[in-house]
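Asks: start.cif (mmCIF, C-alpha atoms) pasted underneath:
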data_work
loop_
_atom_site.label_atom_id
_atom_site.label_comp_id
_atom_site.auth_asym_id
_atom_site.auth_seq_id
_atom_site.Cartn_x
_atom_site.Cartn_y
_atom_site.Cartn_z
CA MET K 169 56.37 187.50 -83.08
CA LYS K 170 53.59 188.96 -85.18
CA VAL K 171 50.56 186.67 -85.22
CA VAL K 172 48.08 187.60 -87.95
CA VAL K 173 44.41 186.99 -87.27
CA GLY K 174 42.68 186.63 -90.64
CA ILE K 175 39.02 187.20 -91.50
CA ALA K 176 36.84 184.67 -89.63
CA ASP K 177 39.84 183.75 -87.50
CA MET K 178 40.85 183.70 -83.82
CA LYS K 179 44.18 183.53 -81.99
CA VAL K 180 45.17 183.43 -78.31
CA SER K 181 48.65 183.64 -76.84
CA LYS K 182 50.55 183.91 -73.58
CA LYS K 183 53.95 184.58 -75.15
CA PRO K 184 54.94 188.09 -73.98
CA ALA K 185 56.68 188.91 -77.27
CA ASP K 186 53.67 188.06 -79.43
CA VAL K 187 51.69 190.80 -81.14
CA LEU K 188 48.25 189.73 -82.34
CA ILE K 189 47.08 191.80 -85.32
CA THR K 190 44.07 191.85 -87.60
CA TYR K 191 43.85 194.00 -90.71
CA SER K 192 41.10 195.85 -92.48
CA LEU K 193 38.05 195.43 -90.28
CA GLY K 194 35.11 196.93 -92.15
CA SER K 195 31.68 195.72 -91.09
CA CYS K 196 33.42 192.82 -89.32
CA ILE K 197 34.17 193.10 -85.61
CA GLY K 198 37.43 192.59 -83.78
CA VAL K 199 37.17 191.48 -80.16
CA VAL K 200 40.37 191.93 -78.18
CA ILE K 201 40.75 190.43 -74.70
CA TRP K 202 43.66 190.55 -72.27
CA ASP K 203 44.25 189.28 -68.74
CA PRO K 204 46.77 191.57 -66.98
CA VAL K 205 47.66 188.94 -64.35
CA ALA K 206 47.97 185.79 -66.45
CA LYS K 207 49.27 187.95 -69.37
CA VAL K 208 47.06 186.09 -71.79
CA GLY K 209 45.78 187.84 -74.89
CA GLY K 210 43.21 186.88 -77.51
CA MET K 211 41.73 188.31 -80.68
CA LEU K 212 38.72 187.34 -82.78
CA HIS K 213 37.79 188.73 -86.22
CA TYR K 214 34.22 187.69 -86.98
CA MET K 215 32.18 188.56 -90.06
CA LEU K 216 28.53 187.98 -89.29
CA PRO K 217 26.13 187.68 -86.34
CA ASP K 218 25.07 184.08 -86.97
CA PRO K 219 25.07 181.43 -89.71
CA GLY K 220 21.31 181.65 -90.37
CA PRO K 221 19.82 178.41 -91.67
CA ASP K 222 23.16 177.03 -92.91
CA LYS K 223 24.59 175.67 -89.66
CA ALA K 224 27.28 173.68 -91.48
CA LYS K 225 29.10 176.94 -92.18
CA ALA K 226 29.47 177.56 -88.45
CA GLN K 227 30.83 174.06 -87.93
CA GLU K 228 33.45 174.56 -90.59
CA LYS K 229 34.27 178.15 -89.65
CA PRO K 230 33.15 178.91 -86.09
CA TYR K 231 35.13 182.16 -86.00
CA MET K 232 33.08 183.55 -88.88
CA PHE K 233 30.10 184.19 -86.59
CA ALA K 234 29.59 186.05 -83.32
CA VAL K 235 27.44 183.30 -81.81
CA THR K 236 30.13 180.65 -82.21
CA GLY K 237 33.31 182.77 -82.33
CA VAL K 238 32.90 184.83 -79.16
CA PRO K 239 32.44 181.85 -76.79
CA ALA K 240 35.36 180.09 -78.51
CA LEU K 241 37.61 183.12 -77.97
CA PHE K 242 36.87 183.29 -74.24
CA LYS K 243 37.20 179.52 -73.78
CA ALA K 244 40.57 179.50 -75.55
CA ALA K 245 41.80 182.31 -73.28
CA TYR K 246 40.55 180.47 -70.15
CA ALA K 247 42.43 177.39 -71.33
CA LEU K 248 45.64 179.46 -71.24
CA GLY K 249 44.92 180.58 -67.68
CA ALA K 250 42.92 183.75 -68.19
CA ASP K 251 40.22 184.55 -65.64
CA LYS K 252 36.84 185.93 -66.70
CA ASN K 253 36.79 188.55 -63.94
CA ARG K 254 40.18 189.94 -64.92
CA LEU K 255 39.77 190.02 -68.69
CA ILE K 256 39.81 193.48 -70.27
CA THR K 257 37.62 193.48 -73.37
CA LYS K 258 37.95 195.91 -76.28
CA VAL K 259 35.80 196.03 -79.40
CA VAL K 260 36.56 197.57 -82.80
CA GLY K 261 35.01 197.55 -86.27
CA GLY K 262 31.36 197.40 -87.24
CA SER K 263 31.57 200.08 -89.95
CA GLN K 264 29.13 200.32 -92.76
CA VAL K 265 28.67 201.80 -96.21
CA MET K 266 26.70 205.06 -96.39
CA ASP K 267 23.16 203.76 -96.79
CA THR K 268 20.70 206.32 -95.44
CA ALA K 269 17.95 203.71 -95.30
CA GLY K 270 20.16 201.51 -93.13
CA ILE K 271 19.39 198.36 -95.10
CA PHE K 272 23.00 197.53 -95.82
CA ASN K 273 23.81 197.46 -92.11
CA ILE K 274 25.81 194.31 -91.31
CA GLY K 275 28.23 196.32 -89.17
CA LYS K 276 25.47 197.56 -86.93
CA ARG K 277 23.94 194.11 -86.55
CA ASN K 278 27.35 192.60 -85.83
CA TYR K 279 27.74 195.07 -82.97
CA GLU K 280 24.20 194.62 -81.64
CA ILE K 281 24.49 190.86 -81.26
CA LEU K 282 27.82 191.27 -79.45
CA THR K 283 26.40 193.73 -76.90
CA ARG K 284 23.46 191.37 -76.29
CA MET K 285 25.81 188.42 -75.75
CA PHE K 286 28.03 190.48 -73.44
CA ALA K 287 25.07 191.75 -71.41
CA LYS K 288 23.80 188.22 -70.93
CA ASN K 289 27.23 186.99 -69.82
CA LYS K 290 28.05 190.10 -67.75
CA ILE K 291 31.07 191.10 -69.79
CA ALA K 292 31.88 194.81 -69.84
CA ILE K 293 33.45 196.56 -72.81
CA ALA K 294 36.43 198.54 -71.46
CA LYS K 295 37.16 200.43 -74.68
CA GLN K 296 35.66 200.50 -78.11
CA ASP K 297 35.94 202.19 -81.48
CA VAL K 298 33.03 201.13 -83.64
CA GLY K 299 30.82 202.33 -86.49
CA GLY K 300 31.44 205.01 -89.10
CA ASN K 301 32.58 204.34 -92.65
CA VAL K 302 36.22 203.44 -92.05
CA ASN K 303 38.57 200.45 -92.19
CA ARG K 304 40.35 199.58 -88.97
CA THR K 305 43.49 197.60 -88.17
CA VAL K 306 44.02 196.58 -84.54
CA SER K 307 46.94 194.99 -82.70
CA LEU K 308 47.52 193.69 -79.17
CA GLU K 309 50.89 193.30 -77.43
CA VAL K 310 50.40 190.15 -75.39
CA GLY K 311 53.11 191.04 -72.83
CA THR K 312 51.77 194.51 -72.01
CA GLY K 313 48.16 194.59 -73.17
CA ARG K 314 48.92 197.66 -75.30
CA THR K 315 46.24 197.87 -77.97
CA VAL K 316 46.90 200.00 -81.04
CA LEU K 317 44.29 200.97 -83.55
CA LYS K 318 44.92 202.28 -87.06
CA VAL K 319 42.00 203.98 -88.76
CA SER K 320 42.04 205.32 -92.31
CA GLY K 321 42.07 209.11 -92.17
CA ARG K 322 42.59 209.23 -88.37
CA GLY K 323 46.04 207.66 -88.16
CA GLU K 324 47.36 205.34 -85.45
CA PHE K 325 46.56 205.63 -81.73
CA GLU K 326 46.35 203.59 -78.55
CA LEU K 327 42.96 202.25 -77.54
CA MET U 179 46.99 221.90 -118.18
CA SER U 180 44.19 221.06 -115.72
CA ARG U 181 44.31 217.96 -113.56
CA VAL U 182 41.46 216.42 -115.55
CA ASP U 183 43.40 217.03 -118.78
CA GLU U 184 46.43 215.32 -117.25
CA ILE U 185 44.30 212.32 -116.24
CA LEU U 186 42.72 212.14 -119.70
CA MET U 187 46.11 212.31 -121.35
CA MET U 188 47.35 209.49 -119.16
CA ALA U 189 44.21 207.51 -120.01
CA LYS U 190 45.11 207.74 -123.70
CA ALA U 191 48.38 205.99 -122.90
CA VAL U 192 46.70 203.08 -121.08
CA PRO U 193 47.95 199.91 -122.79
CA PRO U 194 45.40 197.89 -124.78
CA PHE U 195 43.51 194.90 -123.35
CA PRO U 196 45.01 191.72 -124.82
CA LYS U 197 43.59 191.31 -128.33
CA VAL U 198 43.50 187.56 -127.93
CA ALA U 199 40.85 187.89 -125.26
CA HIS U 200 38.40 189.83 -127.40
CA ARG U 201 38.91 187.53 -130.37
CA VAL U 202 38.29 184.45 -128.26
CA LEU U 203 35.23 185.97 -126.56
CA ALA U 204 33.76 186.83 -129.97
CA MET U 205 34.47 183.30 -131.23
CA LEU U 206 32.76 181.79 -128.20
CA ASP U 207 29.49 183.40 -129.28
CA ASP U 208 29.72 181.54 -132.60
CA PRO U 209 28.41 177.97 -132.17
CA SER U 210 30.36 176.65 -135.18
CA VAL U 211 33.73 177.41 -133.57
CA LYS U 212 35.65 174.38 -132.30
CA ALA U 213 38.11 174.05 -129.41
CA ALA U 214 40.98 173.67 -131.89
CA ASP U 215 40.14 177.04 -133.47
CA LEU U 216 40.25 178.67 -130.05
CA ALA U 217 43.53 176.99 -129.14
CA GLU U 218 45.12 178.27 -132.31
CA ILE U 219 44.37 181.88 -131.33
CA ILE U 220 45.14 181.58 -127.62
CA GLN U 221 48.47 179.77 -127.90
CA TYR U 222 50.12 182.83 -129.45
CA ASP U 223 49.85 184.59 -126.13
CA ALA U 224 52.16 182.62 -123.83
CA ALA U 225 51.25 184.56 -120.69
CA ILE U 226 47.53 184.00 -121.16
CA THR U 227 48.04 180.31 -121.95
CA ALA U 228 50.09 179.80 -118.79
CA ASN U 229 47.49 181.66 -116.73
CA ILE U 230 44.64 179.61 -118.18
CA LEU U 231 46.24 176.40 -116.94
CA LYS U 232 46.83 177.84 -113.48
CA ILE U 233 43.26 179.14 -113.22
CA CYS U 234 41.70 175.90 -114.49
CA ASN U 235 43.58 173.99 -111.85
CA SER U 236 42.56 176.33 -109.05
CA ALA U 237 39.81 174.95 -106.83
CA LEU U 238 37.74 178.01 -107.74
CA PHE U 239 36.69 176.28 -110.95
CA GLY U 240 36.22 172.97 -109.20
CA LEU U 241 37.49 170.63 -111.93
CA HIS U 242 38.13 167.13 -110.71
CA ARG U 243 41.27 166.35 -112.64
CA LYS U 244 44.50 168.14 -113.37
CA ILE U 245 44.52 169.97 -116.68
CA THR U 246 47.91 169.86 -118.38
CA SER U 247 47.34 171.34 -121.83
CA LEU U 248 45.43 174.19 -123.40
CA ASP U 249 43.49 171.80 -125.65
CA GLU U 250 42.34 169.84 -122.66
CA ALA U 251 41.32 173.02 -120.82
CA LEU U 252 39.22 174.17 -123.75
CA VAL U 253 37.38 170.85 -123.87
CA VAL U 254 36.76 170.50 -120.15
CA LEU U 255 35.61 174.04 -119.38
CA GLY U 256 32.07 175.16 -120.06
CA GLN U 257 31.60 178.20 -122.28
CA ASP U 258 30.81 180.64 -119.46
CA GLU U 259 33.66 179.32 -117.36
CA LEU U 260 35.99 179.67 -120.31
CA LYS U 261 34.96 183.31 -120.70
CA ASP U 262 35.68 183.95 -117.03
CA VAL U 263 39.05 182.18 -117.26
CA ILE U 264 40.09 184.14 -120.38
CA ILE U 265 39.13 187.46 -118.80
CA THR U 266 40.88 186.61 -115.53
CA SER U 267 44.05 185.49 -117.28
CA SER U 268 44.08 188.60 -119.48
CA SER U 269 43.37 191.06 -116.66
CA ALA U 270 45.91 189.86 -114.12
CA LYS U 271 48.83 191.75 -115.65
CA PHE U 272 47.17 195.12 -115.04
CA TYR U 273 47.07 194.41 -111.30
CA LYS U 274 50.64 193.18 -110.81
CA GLY U 275 53.04 194.86 -108.38
CA THR U 276 52.18 197.66 -105.98
CA VAL U 277 49.27 199.09 -107.95
CA GLY U 278 46.87 201.37 -106.11
CA ALA U 279 49.50 202.61 -103.63
CA GLY U 280 47.91 206.07 -103.83
CA TYR U 281 44.80 204.56 -102.26
CA ASP U 282 46.94 203.06 -99.49
CA LEU U 283 46.64 199.59 -101.01
CA GLY U 284 49.40 197.06 -100.45
CA GLN U 285 50.85 194.66 -102.99
CA GLY U 286 48.15 192.36 -104.38
CA ASP U 287 45.30 194.17 -102.59
CA LEU U 288 43.63 195.59 -105.70
CA TRP U 289 43.73 192.20 -107.45
CA LYS U 290 42.34 190.45 -104.39
CA HIS U 291 39.56 193.02 -104.11
CA SER U 292 38.78 192.61 -107.82
CA VAL U 293 38.73 188.79 -107.76
CA ALA U 294 36.54 188.84 -104.63
CA CYS U 295 34.15 191.23 -106.33
CA ALA U 296 34.01 189.02 -109.43
CA VAL U 297 33.23 185.97 -107.29
CA VAL U 298 30.38 187.79 -105.51
CA ALA U 299 29.03 189.27 -108.76
CA ARG U 300 28.89 185.81 -110.32
CA GLN U 301 26.96 184.60 -107.27
CA LEU U 302 24.54 187.55 -107.24
CA ALA U 303 23.85 187.74 -110.99
CA PRO U 304 21.39 184.81 -111.09
CA LYS U 305 19.34 186.55 -108.38
CA ILE U 306 19.10 189.78 -110.39
CA ALA U 307 16.76 189.51 -113.38
CA GLY U 308 18.55 190.49 -116.58
CA ALA U 309 22.11 190.31 -115.23
CA ASN U 310 24.38 188.03 -117.23
CA PRO U 311 26.75 186.13 -114.89
CA SER U 312 29.67 186.26 -117.30
CA ALA U 313 29.27 190.00 -117.95
CA ALA U 314 28.94 190.47 -114.19
CA PHE U 315 32.16 188.53 -113.58
CA THR U 316 34.09 190.59 -116.17
CA SER U 317 32.73 193.97 -115.08
CA ALA U 318 33.40 193.20 -111.43
CA LEU U 319 36.94 192.04 -112.16
CA LEU U 320 37.59 195.35 -113.93
CA HIS U 321 35.40 197.69 -111.86
CA ASP U 322 38.36 199.34 -110.08
CA ILE U 323 40.74 199.41 -113.03
CA GLY U 324 40.50 203.22 -112.82
CA LYS U 325 42.32 203.02 -109.47
CA ARG U 326 45.26 201.34 -111.21
CA PHE U 327 45.76 204.40 -113.40
CA MET U 328 44.51 207.14 -111.07
CA SER U 329 46.70 206.04 -108.16
CA SER U 330 49.56 208.54 -108.62
CA PHE U 331 47.12 211.46 -108.87
CA VAL U 332 45.37 210.34 -105.68
CA ALA U 333 48.71 209.84 -103.91
CA ASP U 334 49.48 213.57 -104.24
CA GLU U 335 46.12 214.56 -102.74
CA LEU U 336 45.21 211.71 -100.40
CA LYS U 337 45.37 213.86 -97.26
CA ARG U 338 43.01 216.48 -98.71
CA ILE U 339 40.64 213.78 -99.91
CA LEU U 340 40.57 212.03 -96.53
CA VAL U 341 39.94 215.30 -94.67
CA MET U 342 36.88 215.89 -96.87
CA VAL U 343 35.67 212.35 -96.13
CA ASP U 344 36.28 212.70 -92.39
CA VAL U 345 35.16 216.29 -91.79
CA LYS U 346 32.63 216.99 -94.54
CA LYS U 347 31.25 213.43 -94.49
CA MET U 348 31.72 213.07 -98.22
CA SER U 349 32.00 209.67 -99.83
CA PHE U 350 35.49 208.91 -101.15
CA VAL U 351 34.48 209.37 -104.80
CA GLU U 352 32.74 212.66 -104.01
CA ALA U 353 36.02 213.91 -102.53
CA GLU U 354 37.97 212.43 -105.45
CA GLN U 355 35.69 214.35 -107.83
CA LYS U 356 36.06 217.57 -105.82
CA VAL U 357 39.84 217.43 -105.59
CA LEU U 358 40.82 215.83 -108.91
CA GLY U 359 37.80 216.71 -111.06
CA MET U 360 37.24 213.04 -111.86
CA THR U 361 36.66 209.73 -110.08
CA HIS U 362 38.34 206.34 -110.52
CA ALA U 363 34.93 204.94 -111.49
CA GLU U 364 34.55 207.43 -114.35
CA LEU U 365 38.08 206.73 -115.50
CA GLY U 366 37.39 202.98 -115.29
CA GLY U 367 34.31 203.38 -117.50
CA MET U 368 36.42 205.25 -120.07
CA ILE U 369 39.07 202.54 -119.99
CA LEU U 370 36.47 199.81 -120.61
CA GLU U 371 35.18 201.81 -123.59
CA LYS U 372 38.71 202.21 -124.90
CA TRP U 373 39.19 198.46 -124.45
CA GLU U 374 36.02 197.92 -126.52
CA PHE U 375 34.00 196.11 -123.88
CA ASP U 376 30.23 196.10 -124.16
CA PRO U 377 28.79 199.58 -123.33
CA GLU U 378 26.65 198.04 -120.58
CA MET U 379 29.83 196.84 -118.85
CA ALA U 380 31.47 200.26 -119.19
CA THR U 381 28.35 201.83 -117.65
CA ALA U 382 28.36 199.33 -114.78
CA VAL U 383 32.00 200.20 -114.03
CA ARG U 384 31.35 203.95 -114.32
CA CYS U 385 28.34 203.78 -111.95
CA HIS U 386 29.64 201.41 -109.31
CA HIS U 387 29.83 204.15 -106.65
CA ASP U 388 26.67 206.02 -107.71
CA PRO U 389 24.24 206.09 -104.77
CA ASP U 390 21.40 205.14 -107.15
CA ALA U 391 23.40 202.39 -108.92
CA LEU U 392 20.71 199.84 -107.99
CA GLU U 393 18.30 201.78 -110.25
CA LYS U 394 20.66 201.80 -113.22
CA GLY U 395 20.02 198.45 -114.81
CA PRO U 396 20.71 194.89 -113.72
CA LEU U 397 24.43 194.77 -114.48
CA ALA U 398 25.19 198.10 -112.80
CA ALA U 399 23.14 196.96 -109.78
CA THR U 400 25.03 193.67 -109.57
CA ILE U 401 28.45 195.35 -109.63
CA ALA U 402 27.52 198.05 -107.11
CA LEU U 403 26.12 195.44 -104.75
CA ALA U 404 29.08 193.09 -105.16
CA ASN U 405 31.43 195.98 -104.48
CA ALA U 406 29.48 196.98 -101.35
CA VAL U 407 29.75 193.39 -100.08
CA VAL U 408 33.51 193.19 -100.63
CA VAL U 409 34.18 196.72 -99.36
CA SER U 410 32.19 195.91 -96.21
CA LEU U 411 34.36 192.87 -95.57
CA GLY U 412 37.47 195.02 -96.01
CA ILE U 413 38.91 192.60 -98.57
CA GLY U 414 41.70 194.41 -100.40
CA GLY U 415 40.38 197.59 -98.80
CA GLY U 416 42.35 200.84 -98.76
CA ALA U 417 42.08 204.40 -97.51
CA ASP U 418 38.60 204.81 -98.98
CA GLY U 419 37.29 202.32 -96.43
CA LEU U 420 33.51 202.00 -96.47
CA ALA U 421 32.97 205.63 -97.48
CA THR U 422 30.73 204.83 -100.42
CA ARG U 423 27.04 205.55 -100.80
CA LEU U 424 24.45 202.97 -101.71
CA GLN U 425 20.69 203.42 -101.52
CA GLY U 426 19.88 200.03 -100.10
CA GLU U 427 16.12 200.34 -100.77
CA GLY U 428 16.94 199.37 -104.35
CA MET U 429 17.73 195.81 -103.22
CA LYS U 430 14.06 195.13 -102.53
CA LYS U 431 13.00 195.12 -106.16
CA PHE U 432 15.47 192.30 -106.82
CA GLY U 433 14.17 190.38 -103.82
CA ILE U 434 17.56 190.72 -102.14
CA ASP U 435 17.51 191.13 -98.37
CA ALA U 436 20.07 191.23 -95.58
CA ALA U 437 20.04 187.42 -95.33
CA THR U 438 21.03 187.08 -99.01
CA ILE U 439 23.88 189.52 -98.53
CA GLU U 440 25.10 187.73 -95.41
CA SER U 441 25.00 184.39 -97.14
CA CYS U 442 27.01 185.90 -100.04
CA MET U 443 29.60 187.16 -97.56
CA ALA U 444 30.00 183.76 -95.93
CA ASP U 445 30.23 181.99 -99.31
CA LEU U 446 32.81 184.49 -100.54
CA LEU U 447 35.24 183.52 -97.81
CA PHE U 448 34.97 179.84 -98.70
CA GLU U 449 35.41 180.69 -102.42
CA LEU U 450 38.45 182.89 -101.81
CA GLU U 451 40.22 180.04 -100.07
CA LYS U 452 39.91 178.12 -103.32
CA ALA U 453 41.24 181.04 -105.34
CA GLN U 454 44.87 181.06 -104.13
CA GLU U 455 46.29 180.20 -107.56
CA VAL U 456 44.24 182.98 -109.11
CA LEU U 457 45.30 185.49 -106.46
CA ASN U 458 48.93 184.58 -107.11
CA LEU U 459 48.80 185.07 -110.89
#
Show how you would write the structure in this file as structure tokens.
Replies:
Amino acid sequence: MKVVVGIADMKVSKKPADVLITYSLGSCIGVVIWDPVAKVGGMLHYMLPDPGPDKAKAQEKPYMFAVTGVPALFKAAYALGADKNRLITKVVGGSQVMDTAGIFNIGKRNYEILTRMFAKNKIAIAKQDVGGNVNRTVSLEVGTGRTVLKVSGRGEFEL
Amino acid sequence: MSRVDEILMMAKAVPPFPKVAHRVLAMLDDPSVKAADLAEIIQYDAAITANILKICNSALFGLHRKITSLDEALVVLGQDELKDVIITSSSAKFYKGTVGAGYDLGQGDLWKHSVACAVVARQLAPKIAGANPSAAFTSALLHDIGKRFMSSFVADELKRILVMVDVKKMSFVEAEQKVLGMTHAELGGMILEKWEFDPEMATAVRCHHDPDALEKGPLAATIALANAVVVSLGIGGGADGLATRLQGEGMKKFGIDAATIESCMADLLFELEKAQEVLNL
């Protein structure tokens, strides 16, 4: 079954027939995790690094932010039997508009906070496709771990 | 006939913007006009009347009771809200069906992108000195109307356009200009002129992809910024992706920083959840 992960959303599954998919990642980031032994998959589509001063937003929508969404994704996968040491982590998104001054750079900052969080928690990125000025759609077959990326102008390919 | 001539000829055939809308907007600027006078004009357009009720009752406008008649709607809504509702209800029909397929947009994508942009523009306008929130809402709602009518021309050339974006690092509108001799933003500006909107709004629509849009007056700056926010979030995004230029330095003079933009992005998602009725018009 196709399970759509919306913007500021997260889904995990251990049903082999499920395909997790998130559409149109621009500056947002998609984090895709998969445990090849437990056959557990998860996907997060977060929008921003952190909620800033308005913490209530993170309470209402934890998957909107990297700081609350990423831990929630991993915890949800562990709850289904995934093991931290087996999880394969892939990262996509983090594009930005063409601003030479780099002021309009949410995509870059979304990626930077993720790499800092991963370094601190000793999580390696197995594959990634980030940056540029494109929209990305990513899907994960829960049964096989096959991750397919669709990028405007570059077509569809396996990540 | 050149491609530009073909596009211009097609532009001549663009159907008019509902007359009711312009009449009502003009009346709203006249303080002596009463709700009953407005109702008399609006009720002749059944589609707009039906839309007004749906929009009023969407959480986006946050009214605390259910509105069941046009008269009631006109009394309950504030003047600026009423302008936004009239424009939204009159614009929806141009975005129905699979419009924008040439840009690789799915059904409803262009409308969703436009509504999202209008919501952000209305939020940003009070932060930008000289930008009128209602004009910002209208211009943002219509900023990509050129895509609606340019779509079939782009469909024929999308591959060539995307190669230019990918290989030559052009922005999407630069490639559009190179291949078709015209951009959807330019066409949109012409359509707003044809529809007799304020020249400032037509300019804002025409300039929304200009790299120096933030230097082109408060309304143009608001629309360009709102579009950059929505494009970044990929809401109703198509093949053009984030391939648009924006000289972000221009934000400083409005006192807008990354934190303001991020807060706008977060708010937008909450607002869009309230806009389901509007998105389904």
Asks: Using the chain letters and numbers from this file, what does the PyMOL selection byres ((chain K) within 10 of (chain U)) select? Give the answer as a PyMOL selection string.
Replies: chain K and resi 175-176+191-197+215-222+225-226+228-229+232-233+262-275+300-304+319-322
Asks: Could you write out as an mmCIF file with C-alpha atoms, in the frame of the given file the residues that the PyMOL selection byres ((chain K and resi 311) around 9) matches in the shown file?
Replies:
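Wrote out-v7.cif, looks like this:
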data_model
loop_
_atom_site.group_PDB
_atom_site.id
_atom_site.type_symbol
_atom_site.label_atom_id
_atom_site.label_comp_id
_atom_site.auth_asym_id
_atom_site.auth_seq_id
_atom_site.Cartn_x
_atom_site.Cartn_y
_atom_site.Cartn_z
ATOM 1 C CA LYS K 182 50.550 183.910 -73.580
ATOM 2 C CA LYS K 183 53.950 184.580 -75.150
ATOM 3 C CA PRO K 184 54.940 188.090 -73.980
ATOM 4 C CA ALA K 185 56.680 188.910 -77.270
ATOM 5 C CA ASP K 186 53.670 188.060 -79.430
ATOM 6 C CA VAL K 187 51.690 190.800 -81.140
ATOM 7 C CA PRO K 204 46.770 191.570 -66.980
ATOM 8 C CA LYS K 207 49.270 187.950 -69.370
ATOM 9 C CA VAL K 208 47.060 186.090 -71.790
ATOM 10 C CA GLY K 209 45.780 187.840 -74.890
ATOM 11 C CA LEU K 308 47.520 193.690 -79.170
ATOM 12 C CA GLU K 309 50.890 193.300 -77.430
ATOM 13 C CA VAL K 310 50.400 190.150 -75.390
ATOM 14 C CA THR K 312 51.770 194.510 -72.010
ATOM 15 C CA GLY K 313 48.160 194.590 -73.170
ATOM 16 C CA ARG K 314 48.920 197.660 -75.300
#
Asks: With distances taken over only C-alpha atoms, which residue among K:Gly210, K:Gly198, K:Gly174, K:Gly323 lies nearest Ile256 of chain K?
Replies: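 The closest residue to Ile256 of chain K is K:Gly210.
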Asks: Show which residues sit within 9 Å of segment 236-239 of chain K, as a ChimeraX atom specification. Count all atoms listed in the file, and ignore same-chain residues fewer than 6 positions away.
Replies: /K:176-178,199,212-214,218,226-227,229-230,282,285
Asks: Take the PyMOL selection byres ((chain U and resi 308) around 6), apply it to the structure above, and return the hits as a ChimeraX atom specification.
Replies: /U:307,309,396
Asks: Write out, as a compact mmCIF listing (two decimals), keeping the file's coordinate frame, the residues just selected, with C-alpha atoms.
Replies:
# COMPACT_ATOMS: atom_id res chain seq x y z
CA ALA U 307 16.76 189.51 -113.38
CA ALA U 309 22.11 190.31 -115.23
CA PRO U 396 20.71 194.89 -113.72
Asks: What is the distance between atom CA of Lys258 of chain K and atom CA of Ala294 of chain K, in Å to one decimal?
Replies: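 About the pair atom CA of Lys258 of chain K and atom CA of Ala294 of chain K: they are 5.7 Å apart.
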Asks: Skipping near chain neighbours, those fewer than 2 positions away, what residues fall within 12 Å of segment 224-236 of chain U using only C-alpha atoms, listed as a VMD selection string?
Replies: chain U and resid 195 to 199 202 216 to 222 238 to 256 259 to 271 293 449 to 459
Asks: For the selection you just gave me, I'd like the residues written to a file as a CSV table (one decimal), keeping the file's coordinate frame, keeping C-alpha atoms.
Replies:
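Output contents, as saved in selection_20.csv:
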chain,number,residue,atom,x,y,z
U,195,PHE,CA,43.5,194.9,-123.4
U,196,PRO,CA,45.0,191.7,-124.8
U,197,LYS,CA,43.6,191.3,-128.3
U,198,VAL,CA,43.5,187.6,-127.9
U,199,ALA,CA,40.8,187.9,-125.3
U,202,VAL,CA,38.3,184.4,-128.3
U,216,LEU,CA,40.2,178.7,-130.0
U,217,ALA,CA,43.5,177.0,-129.1
U,218,GLU,CA,45.1,178.3,-132.3
U,219,ILE,CA,44.4,181.9,-131.3
U,220,ILE,CA,45.1,181.6,-127.6
U,221,GLN,CA,48.5,179.8,-127.9
U,222,TYR,CA,50.1,182.8,-129.4
U,238,LEU,CA,37.7,178.0,-107.7
U,239,PHE,CA,36.7,176.3,-111.0
U,240,GLY,CA,36.2,173.0,-109.2
U,241,LEU,CA,37.5,170.6,-111.9
U,242,HIS,CA,38.1,167.1,-110.7
U,243,ARG,CA,41.3,166.4,-112.6
U,244,LYS,CA,44.5,168.1,-113.4
U,245,ILE,CA,44.5,170.0,-116.7
U,246,THR,CA,47.9,169.9,-118.4
U,247,SER,CA,47.3,171.3,-121.8
U,248,LEU,CA,45.4,174.2,-123.4
U,249,ASP,CA,43.5,171.8,-125.6
U,250,GLU,CA,42.3,169.8,-122.7
U,251,ALA,CA,41.3,173.0,-120.8
U,252,LEU,CA,39.2,174.2,-123.8
U,253,VAL,CA,37.4,170.8,-123.9
U,254,VAL,CA,36.8,170.5,-120.2
U,255,LEU,CA,35.6,174.0,-119.4
U,256,GLY,CA,32.1,175.2,-120.1
U,259,GLU,CA,33.7,179.3,-117.4
U,260,LEU,CA,36.0,179.7,-120.3
U,261,LYS,CA,35.0,183.3,-120.7
U,262,ASP,CA,35.7,184.0,-117.0
U,263,VAL,CA,39.0,182.2,-117.3
U,264,ILE,CA,40.1,184.1,-120.4
U,265,ILE,CA,39.1,187.5,-118.8
U,266,THR,CA,40.9,186.6,-115.5
U,267,SER,CA,44.0,185.5,-117.3
U,268,SER,CA,44.1,188.6,-119.5
U,269,SER,CA,43.4,191.1,-116.7
U,270,ALA,CA,45.9,189.9,-114.1
U,271,LYS,CA,48.8,191.8,-115.6
U,293,VAL,CA,38.7,188.8,-107.8
U,449,GLU,CA,35.4,180.7,-102.4
U,450,LEU,CA,38.4,182.9,-101.8
U,451,GLU,CA,40.2,180.0,-100.1
U,452,LYS,CA,39.9,178.1,-103.3
U,453,ALA,CA,41.2,181.0,-105.3
U,454,GLN,CA,44.9,181.1,-104.1
U,455,GLU,CA,46.3,180.2,-107.6
U,456,VAL,CA,44.2,183.0,-109.1
U,457,LEU,CA,45.3,185.5,-106.5
U,458,ASN,CA,48.9,184.6,-107.1
U,459,LEU,CA,48.8,185.1,-110.9
Asks: Kindly indicate which residue among U:Met187, U:Ile401, U:Val192, U:Met360 lies nearest to Ala313 of chain U, using only C-alpha atoms for the distances.
Replies: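 The closest residue to Ala313 of chain U is U:Ile401.
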Asks: For Met379 of chain U, find every residue with an atom within 8 Å (counting all atoms listed in the file), except residues of its own chain fewer than 5 positions away, and show them as a count of residues only.
Replies: 6
